[in-house]
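The structure file work34.cif is reproduced below (mmCIF, C-alpha atoms).
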```cif
data_final
#
loop_
_atom_site.label_atom_id
_atom_site.label_comp_id
_atom_site.auth_asym_id
_atom_site.auth_seq_id
_atom_site.Cartn_x
_atom_site.Cartn_y
_atom_site.Cartn_z
CA MET A 277 0.00 0.00 0.00
CA ALA A 278 1.31 3.44 -0.96
CA LYS A 279 2.01 6.02 1.71
CA CYS A 280 1.52 9.78 1.75
CA GLN A 281 4.69 11.59 0.73
CA THR A 282 4.12 14.21 3.45
CA CYS A 283 2.80 12.45 6.57
CA SER A 284 3.46 8.78 5.66
CA ALA A 285 -0.15 7.81 6.32
CA PRO A 286 -1.37 4.87 4.18
CA LEU A 287 -3.20 5.81 0.98
CA ALA A 288 -6.24 3.80 0.03
CA ALA A 289 -6.27 2.12 -3.38
CA ASN A 290 -7.30 4.44 -6.20
CA THR A 291 -6.72 7.49 -4.00
CA GLN A 292 -4.10 10.18 -4.35
CA ILE A 293 -5.35 12.66 -1.73
CA CYS A 294 -4.31 11.82 1.82
CA LEU A 295 -7.28 11.55 4.20
CA TYR A 296 -5.11 12.73 7.11
CA CYS A 297 -3.21 15.78 5.83
CA GLY A 298 -5.07 16.50 2.56
CA VAL A 299 -1.94 16.50 0.36
CA ARG A 300 -2.30 15.31 -3.24
CA ASN A 301 0.25 12.57 -3.95
CA ASP A 302 1.96 11.46 -7.13
CA VAL A 303 0.89 7.82 -6.87
CA ASP A 304 2.28 6.76 -10.27
CA LEU A 305 5.86 8.02 -10.46
CA HIS A 306 7.04 8.93 -6.97
CA GLY A 307 9.18 6.09 -5.62
CA LYS A 308 8.42 3.92 -8.68
CA LEU A 309 9.91 5.47 -11.81
CA ALA A 310 12.77 7.94 -11.94
CA TYR A 311 12.04 11.09 -13.96
CA GLN A 312 13.15 14.67 -14.46
CA PRO A 313 11.81 17.76 -16.27
CA ALA A 314 12.61 17.53 -19.99
CA GLY A 315 12.67 21.27 -20.64
CA ILE A 316 10.36 20.86 -23.63
CA GLN A 317 6.88 22.35 -23.78
CA HIS A 318 4.34 20.98 -26.26
CA HIS A 319 1.60 23.41 -25.15
CA ARG A 320 -0.80 20.61 -24.35
CA ILE A 321 -3.68 21.17 -21.93
CA CYS A 322 -4.72 18.90 -19.06
CA PRO A 323 -8.27 17.64 -19.77
CA GLN A 324 -9.02 17.60 -16.04
CA CYS A 325 -7.48 20.87 -14.76
CA ASP A 326 -7.16 23.02 -17.94
CA LEU A 327 -3.51 23.65 -17.04
CA GLU A 328 -0.58 23.35 -19.43
CA LEU A 329 1.08 19.95 -19.21
CA GLN A 330 4.75 19.66 -18.31
CA THR A 331 7.06 17.40 -20.30
CA ILE A 332 9.06 14.93 -18.21
CA ALA A 333 11.65 12.32 -19.16
CA LEU A 334 11.41 8.87 -17.59
CA SER A 335 14.67 7.02 -17.07
CA LEU A 336 13.94 3.61 -18.56
CA ALA A 337 16.49 0.89 -19.21
CA ALA A 338 16.20 1.12 -23.00
CA ALA A 339 16.03 4.87 -23.54
CA PRO A 340 14.44 7.98 -21.99
CA LEU A 341 10.71 8.24 -22.58
CA GLU A 342 9.17 11.71 -22.70
CA LEU A 343 5.63 12.09 -21.38
CA ASP A 344 3.36 15.03 -20.61
CA ARG A 345 2.16 15.34 -17.01
CA CYS A 346 -0.23 17.69 -15.26
CA PRO A 347 1.52 19.57 -12.42
CA SER A 348 -1.72 19.63 -10.41
CA CYS A 349 -3.54 16.28 -10.73
CA PHE A 350 -0.48 14.29 -11.97
CA GLY A 351 -2.42 12.75 -14.86
CA LEU A 352 -0.28 11.49 -17.75
CA PHE A 353 -0.62 11.87 -21.53
CA PHE A 354 1.06 9.29 -23.77
CA ASP A 355 1.68 9.64 -27.49
CA PRO A 356 0.54 6.59 -29.54
CA GLY A 357 2.53 3.51 -28.55
CA GLU A 358 4.16 5.05 -25.47
CA VAL A 359 2.01 3.17 -22.92
CA GLU A 360 3.28 -0.10 -24.40
CA ILE A 361 6.89 1.16 -24.30
CA LEU A 362 6.54 2.00 -20.61
CA LEU A 363 4.99 -1.39 -19.84
CA ASP A 364 7.74 -3.15 -21.81
CA HIS A 365 10.57 -1.52 -19.87
CA ALA A 366 9.19 -0.45 -16.50
CA ASP A 367 8.62 -3.87 -14.96
CA SER A 368 9.74 -7.46 -15.31
CA PRO A 369 7.52 -9.28 -17.81
CA ALA A 370 5.22 -11.91 -16.35
CA ILE A 371 5.87 -15.52 -17.36
CA GLN A 372 2.53 -16.89 -16.11
CA THR A 373 -0.90 -15.61 -15.18
CA ASN A 374 -2.45 -15.32 -11.74
CA SER A 375 -6.24 -15.12 -12.12
CA ALA A 376 -6.87 -14.62 -8.39
CA TRP A 377 -4.44 -11.70 -8.32
CA LEU A 378 -6.07 -10.14 -11.38
CA ASP A 379 -9.50 -10.36 -9.75
CA ASN A 380 -8.13 -8.79 -6.58
CA ILE A 381 -6.48 -5.93 -8.50
CA ASN A 382 -9.72 -4.98 -10.19
CA LEU A 383 -11.74 -5.41 -7.00
CA GLU A 384 -9.47 -3.03 -5.09
CA ARG A 385 -8.59 -0.52 -7.75
CA PHE A 386 -11.63 -0.18 -9.97
CA PRO A 387 -13.44 3.07 -8.98
CA LYS A 388 -17.06 1.91 -8.88
CA ASP A 389 -18.40 5.31 -7.82
CA LYS A 390 -16.32 7.37 -10.26
CA THR A 391 -18.29 9.90 -12.27
CA VAL A 392 -18.06 9.22 -16.00
CA ARG A 393 -16.78 12.23 -17.91
CA TYR A 394 -15.77 12.59 -21.54
CA LEU A 395 -12.47 14.44 -21.69
CA LYS A 396 -10.94 16.56 -24.43
CA CYS A 397 -7.68 15.60 -26.09
CA PRO A 398 -4.77 17.70 -24.77
CA VAL A 399 -3.64 18.31 -28.37
CA CYS A 400 -6.67 18.80 -30.64
CA ARG A 401 -9.24 19.50 -27.87
CA GLU A 402 -11.75 17.10 -29.42
CA PHE A 403 -13.59 14.71 -27.12
CA MET A 404 -11.74 11.44 -26.65
CA LYS A 405 -13.20 7.93 -26.83
CA ARG A 406 -13.49 5.90 -23.63
CA THR A 407 -12.36 2.31 -24.07
CA LEU A 408 -11.12 -0.58 -21.93
CA TYR A 409 -7.37 -1.09 -22.12
CA GLY A 410 -6.60 -4.78 -22.51
CA HIS A 411 -8.44 -7.91 -21.38
CA ARG A 412 -9.36 -7.87 -17.67
CA SER A 413 -7.32 -4.73 -16.96
CA GLY A 414 -10.21 -2.81 -15.40
CA VAL A 415 -8.74 0.45 -16.72
CA VAL A 416 -10.94 2.58 -18.98
CA ILE A 417 -8.65 4.92 -20.89
CA ASP A 418 -9.41 8.13 -22.78
CA ARG A 419 -8.02 7.80 -26.31
CA CYS A 420 -7.59 10.21 -29.20
CA MET A 421 -6.64 8.01 -32.15
CA PRO A 422 -4.34 10.55 -33.85
CA HIS A 423 -2.67 11.95 -30.72
CA GLY A 424 -2.58 9.48 -27.83
CA ILE A 425 -3.93 8.26 -24.49
CA TRP A 426 -4.78 10.09 -21.29
CA LEU A 427 -4.46 8.19 -18.00
CA ASP A 428 -5.90 9.55 -14.76
CA PRO A 429 -3.76 9.32 -11.61
CA GLY A 430 -3.37 5.72 -10.46
CA GLU A 431 -4.22 4.15 -13.81
CA ILE A 432 -0.65 3.51 -14.97
CA SER A 433 0.04 1.90 -11.57
CA HIS A 434 -3.04 -0.27 -12.14
CA LEU A 435 -1.75 -1.33 -15.57
CA LEU A 436 1.72 -2.11 -14.20
CA GLU A 437 0.21 -4.37 -11.55
CA TRP A 438 -2.12 -5.92 -14.15
CA GLN A 439 0.91 -6.72 -16.30
CA THR A 440 2.84 -8.24 -13.38
CA ALA A 441 -0.14 -10.50 -12.62
CA GLY A 442 -0.08 -11.79 -16.20
CA GLY A 443 -2.94 -9.73 -17.58
CA ARG A 444 -0.97 -8.66 -20.62
CA LEU A 445 -0.15 -12.29 -21.45
CA ILE A 446 -3.86 -13.10 -21.47
CA ASP A 447 -4.57 -10.05 -23.61
CA GLU A 448 -1.96 -11.05 -26.20
CA LYS A 449 -3.34 -14.60 -26.39
CA LYS A 450 -6.87 -13.24 -26.89
CA LYS A 451 -5.66 -11.08 -29.76
CA GLN A 452 -3.98 -14.06 -31.44
CA GLN A 453 -7.17 -16.12 -31.14
CA ARG A 454 -9.36 -13.53 -32.84
CA PRO A 455 -10.52 -14.73 -36.28
CA GLN A 456 -8.89 -13.03 -39.22
CA LYS A 457 -11.11 -11.01 -41.51
CA PRO A 458 -11.67 -12.77 -44.87
CA PRO A 459 -10.26 -11.03 -47.93
CA ALA A 460 -12.58 -8.67 -49.77
CA ARG A 461 -14.74 -10.32 -52.41
CA GLN A 462 -13.91 -9.53 -56.02
CA THR A 463 -16.26 -8.60 -58.86
CA ARG A 464 -15.81 -8.63 -62.59
CA TYR A 465 -15.77 -5.49 -64.62
CA ARG A 466 -15.41 -4.66 -68.30
CA THR A 467 -11.97 -3.38 -69.22
CA GLY A 468 -13.03 -1.56 -72.35
CA ASP A 469 -15.08 -1.83 -75.51
CA ASP A 470 -13.84 -5.35 -76.24
CA ASN A 471 -15.27 -8.53 -74.75
CA SER A 472 -12.57 -8.99 -72.09
CA THR A 473 -13.31 -8.84 -68.38
CA GLY A 474 -11.16 -8.27 -65.30
CA TYR A 475 -11.43 -8.02 -61.51
CA SER A 476 -11.89 -5.13 -59.15
CA GLY A 477 -10.86 -5.17 -55.49
CA ASN A 478 -14.23 -4.69 -53.73
CA TRP A 479 -17.97 -4.78 -54.26
CA GLY A 480 -19.26 -1.45 -55.43
CA ASP A 481 -22.57 0.10 -54.60
CA GLU A 482 -25.88 -1.39 -55.76
CA ASN A 483 -26.00 0.54 -59.02
CA ASN A 484 -22.49 -0.56 -59.99
CA LEU A 485 -23.37 -4.17 -59.22
CA ILE A 486 -26.48 -4.04 -61.40
CA GLN A 487 -24.48 -2.46 -64.20
CA THR A 488 -21.80 -5.14 -63.92
CA VAL A 489 -24.37 -7.95 -64.19
CA ALA A 490 -25.97 -6.23 -67.17
CA ASP A 491 -22.60 -5.93 -68.88
CA LEU A 492 -21.89 -9.63 -68.34
CA ILE A 493 -25.27 -10.68 -69.78
CA PHE A 494 -24.70 -8.37 -72.75
CA THR A 495 -21.25 -9.94 -73.32
CA LEU A 496 -22.57 -13.53 -73.16
CA PHE A 497 -25.51 -13.05 -75.52
CA ARG A 498 -24.02 -10.51 -77.89
#
```
Hey, can you dump this file as structure tokens for me?
Amino acid sequence: MAKCQTCSAPLAANTQICLYCGVRNDVDLHGKLAYQPAGIQHHRICPQCDLELQTIALSLAAAPLELDRCPSCFGLFFDPGEVEILLDHADSPAIQTNSAWLDNINLERFPKDKTVRYLKCPVCREFMKRTLYGHRSGVVIDRCMPHGIWLDPGEISHLLEWQTAGGRLIDEKKKQQRPQKPPARQTRYRTGDDNSTGYSGNWGDENNLIQTVADLIFTLFR
């Protein structure tokens, strides 16, 4: 259990504000991942606090990873693919799954009484899509497809624990088991004024299909 950085009182799961002294704690990076200010400003806005995000550099084993963090709520914004980079290098990969541990993680950490809000992307300021990150993770992320993922305080810690318990292994197996989409059906089309025919990549709209059938009948009975 995490402790308050000011008074050392225990912090409840999914909580960053100490019930004893009222101090807001950095529950994701403090004492877990080494970081320092990067000195780069991307002029991105926190979707929770409307403050400008600060760029920080995490000291990972492979290479520094630059993230944007709110100086008030400590939420984190990841460019596309950066969450996976952090998970790859921030913790030892699990070699087996622990279903009981995964259930316990979600039971403790999942905020059942959390108010659902749709947040704006720190970059384009369009509303982001809420979606579950990974199988049995219990973390609902806010994603802007072009620009990245916003994680509220505590959510990256949740994902790190989910990964350690083998949740990511299960997620990867589920992805491999998903059926592949069949290739697009092909239709014939006339290549010119002669009687030859060819193939197009996809079905067209209804009018094009009717026209194609008419052309084939005309070619056969000409």
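The coordinates place CA of Cys294 (chain A) at 22.3 Å from CA of Leu327 (chain A).
Counting from CA of Gln453 (chain A), the distance to CA of Gly410 (chain A) is 14.3 Å.
Counting all atoms listed in the file, Asp304 (chain A) has the following residues at most 8 Å away, ignoring those fewer than 3 positions along the same chain: Lys308, Leu309, Pro429, Gly430, Glu431, Ile432 and Ser433 of chain A.
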Would you save the residues of that selection, restricted to C-alpha atoms, as an mmCIF file, keeping the file's coordinate frame?
```cif
data_model
loop_
_atom_site.group_PDB
_atom_site.id
_atom_site.type_symbol
_atom_site.label_atom_id
_atom_site.label_comp_id
_atom_site.auth_asym_id
_atom_site.auth_seq_id
_atom_site.Cartn_x
_atom_site.Cartn_y
_atom_site.Cartn_z
ATOM 1 C CA LYS A 308 8.420 3.920 -8.680
ATOM 2 C CA LEU A 309 9.910 5.470 -11.810
ATOM 3 C CA PRO A 429 -3.760 9.320 -11.610
ATOM 4 C CA GLY A 430 -3.370 5.720 -10.460
ATOM 5 C CA GLU A 431 -4.220 4.150 -13.810
ATOM 6 C CA ILE A 432 -0.650 3.510 -14.970
ATOM 7 C CA SER A 433 0.040 1.900 -11.570
#
```
message: If we count all atoms listed in the file and set the cut-off at 10 Å, which residues sit around Asn301 (chain A), ignoring sequence neighbours fewer than 4 positions away in its own chain? Please answer as an NGL selection string.
response: :A and (278-282 or 287 or 291-294 or 305-306 or 348-350 or 429)
Go ahead and write the selection's residues with C-alpha atoms as an mmCIF file, in the coordinates of the input.
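Below is the file that was written, selection_34.cif:
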```cif
data_model
loop_
_atom_site.group_PDB
_atom_site.id
_atom_site.type_symbol
_atom_site.label_atom_id
_atom_site.label_comp_id
_atom_site.auth_asym_id
_atom_site.auth_seq_id
_atom_site.Cartn_x
_atom_site.Cartn_y
_atom_site.Cartn_z
ATOM 1 C CA ALA A 278 1.310 3.440 -0.960
ATOM 2 C CA LYS A 279 2.010 6.020 1.710
ATOM 3 C CA CYS A 280 1.520 9.780 1.750
ATOM 4 C CA GLN A 281 4.690 11.590 0.730
ATOM 5 C CA THR A 282 4.120 14.210 3.450
ATOM 6 C CA LEU A 287 -3.200 5.810 0.980
ATOM 7 C CA THR A 291 -6.720 7.490 -4.000
ATOM 8 C CA GLN A 292 -4.100 10.180 -4.350
ATOM 9 C CA ILE A 293 -5.350 12.660 -1.730
ATOM 10 C CA CYS A 294 -4.310 11.820 1.820
ATOM 11 C CA LEU A 305 5.860 8.020 -10.460
ATOM 12 C CA HIS A 306 7.040 8.930 -6.970
ATOM 13 C CA SER A 348 -1.720 19.630 -10.410
ATOM 14 C CA CYS A 349 -3.540 16.280 -10.730
ATOM 15 C CA PHE A 350 -0.480 14.290 -11.970
ATOM 16 C CA PRO A 429 -3.760 9.320 -11.610
#
```
Show me, as a CSV table (one decimal) with C-alpha atoms, in the frame of the given file, the residues that have an atom within 9 Å of Val399 (chain A) when counting only C-alpha atoms, minus same-chain residues fewer than 4 positions from it.
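out.csv was written with the following content:
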```csv
chain,number,residue,atom,x,y,z
A,318,HIS,CA,4.3,21.0,-26.3
A,319,HIS,CA,1.6,23.4,-25.2
A,320,ARG,CA,-0.8,20.6,-24.4
A,321,ILE,CA,-3.7,21.2,-21.9
A,423,HIS,CA,-2.7,12.0,-30.7
A,424,GLY,CA,-2.6,9.5,-27.8
```
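You can rank A:Pro356, A:Gln324, A:His411, A:Ala288 by their closest distance to Glu448 (chain A) using all atoms listed in the file, and at the top of that list sits A:His411.
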Residue nearest Val416 (chain A) among A:Leu378, A:Val392, A:Ala441, A:Val303 (counting all atoms listed in the file): A:Val392
message: Just checking: using all atoms listed in the file, which residue out of A:His365, A:Asn380, A:Arg419, A:Ser335 ends up closest to Arg401 (chain A)?
response: A:Arg419
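Rounded to one decimal, CA of Asp355 (chain A) and CA of Ala337 (chain A) lie 19.1 Å from each other.
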message: Counting all atoms listed in the file, I want the residues whose atoms come within 12 Å of (-4.5, -14.0, -11.6) in the file frame, returned as a PyMOL selection string.
response: chain A and resi 370-382+412-413+437-446
task: Would you mind telling me which residue in A:Leu383, A:Leu336, A:Val415, A:Leu435 lies nearest to Gln312 (chain A) when using all atoms listed in the file?
output: A:Leu336
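Matched in the shown structure by the PyMOL selection byres ((chain A and resi 402) around 12): Ile321, Pro323, Tyr394, Leu395, Lys396, Cys397, Pro398, Val399, Cys400, Arg401, Phe403, Met404, Lys405, Asp418, Arg419, Cys420, Met421, Pro422 and His423 of chain A.
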Would you save the residues from that selection as an mmCIF file, in the coordinates of the input, using C-alpha atoms?
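Once everything was written out, this is selection_21.cif:
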```
data_model
loop_
_atom_site.group_PDB
_atom_site.id
_atom_site.type_symbol
_atom_site.label_atom_id
_atom_site.label_comp_id
_atom_site.auth_asym_id
_atom_site.auth_seq_id
_atom_site.Cartn_x
_atom_site.Cartn_y
_atom_site.Cartn_z
ATOM 1 C CA ILE A 321 -3.680 21.170 -21.930
ATOM 2 C CA PRO A 323 -8.270 17.640 -19.770
ATOM 3 C CA TYR A 394 -15.770 12.590 -21.540
ATOM 4 C CA LEU A 395 -12.470 14.440 -21.690
ATOM 5 C CA LYS A 396 -10.940 16.560 -24.430
ATOM 6 C CA CYS A 397 -7.680 15.600 -26.090
ATOM 7 C CA PRO A 398 -4.770 17.700 -24.770
ATOM 8 C CA VAL A 399 -3.640 18.310 -28.370
ATOM 9 C CA CYS A 400 -6.670 18.800 -30.640
ATOM 10 C CA ARG A 401 -9.240 19.500 -27.870
ATOM 11 C CA PHE A 403 -13.590 14.710 -27.120
ATOM 12 C CA MET A 404 -11.740 11.440 -26.650
ATOM 13 C CA LYS A 405 -13.200 7.930 -26.830
ATOM 14 C CA ASP A 418 -9.410 8.130 -22.780
ATOM 15 C CA ARG A 419 -8.020 7.800 -26.310
ATOM 16 C CA CYS A 420 -7.590 10.210 -29.200
ATOM 17 C CA MET A 421 -6.640 8.010 -32.150
ATOM 18 C CA PRO A 422 -4.340 10.550 -33.850
ATOM 19 C CA HIS A 423 -2.670 11.950 -30.720
#
```
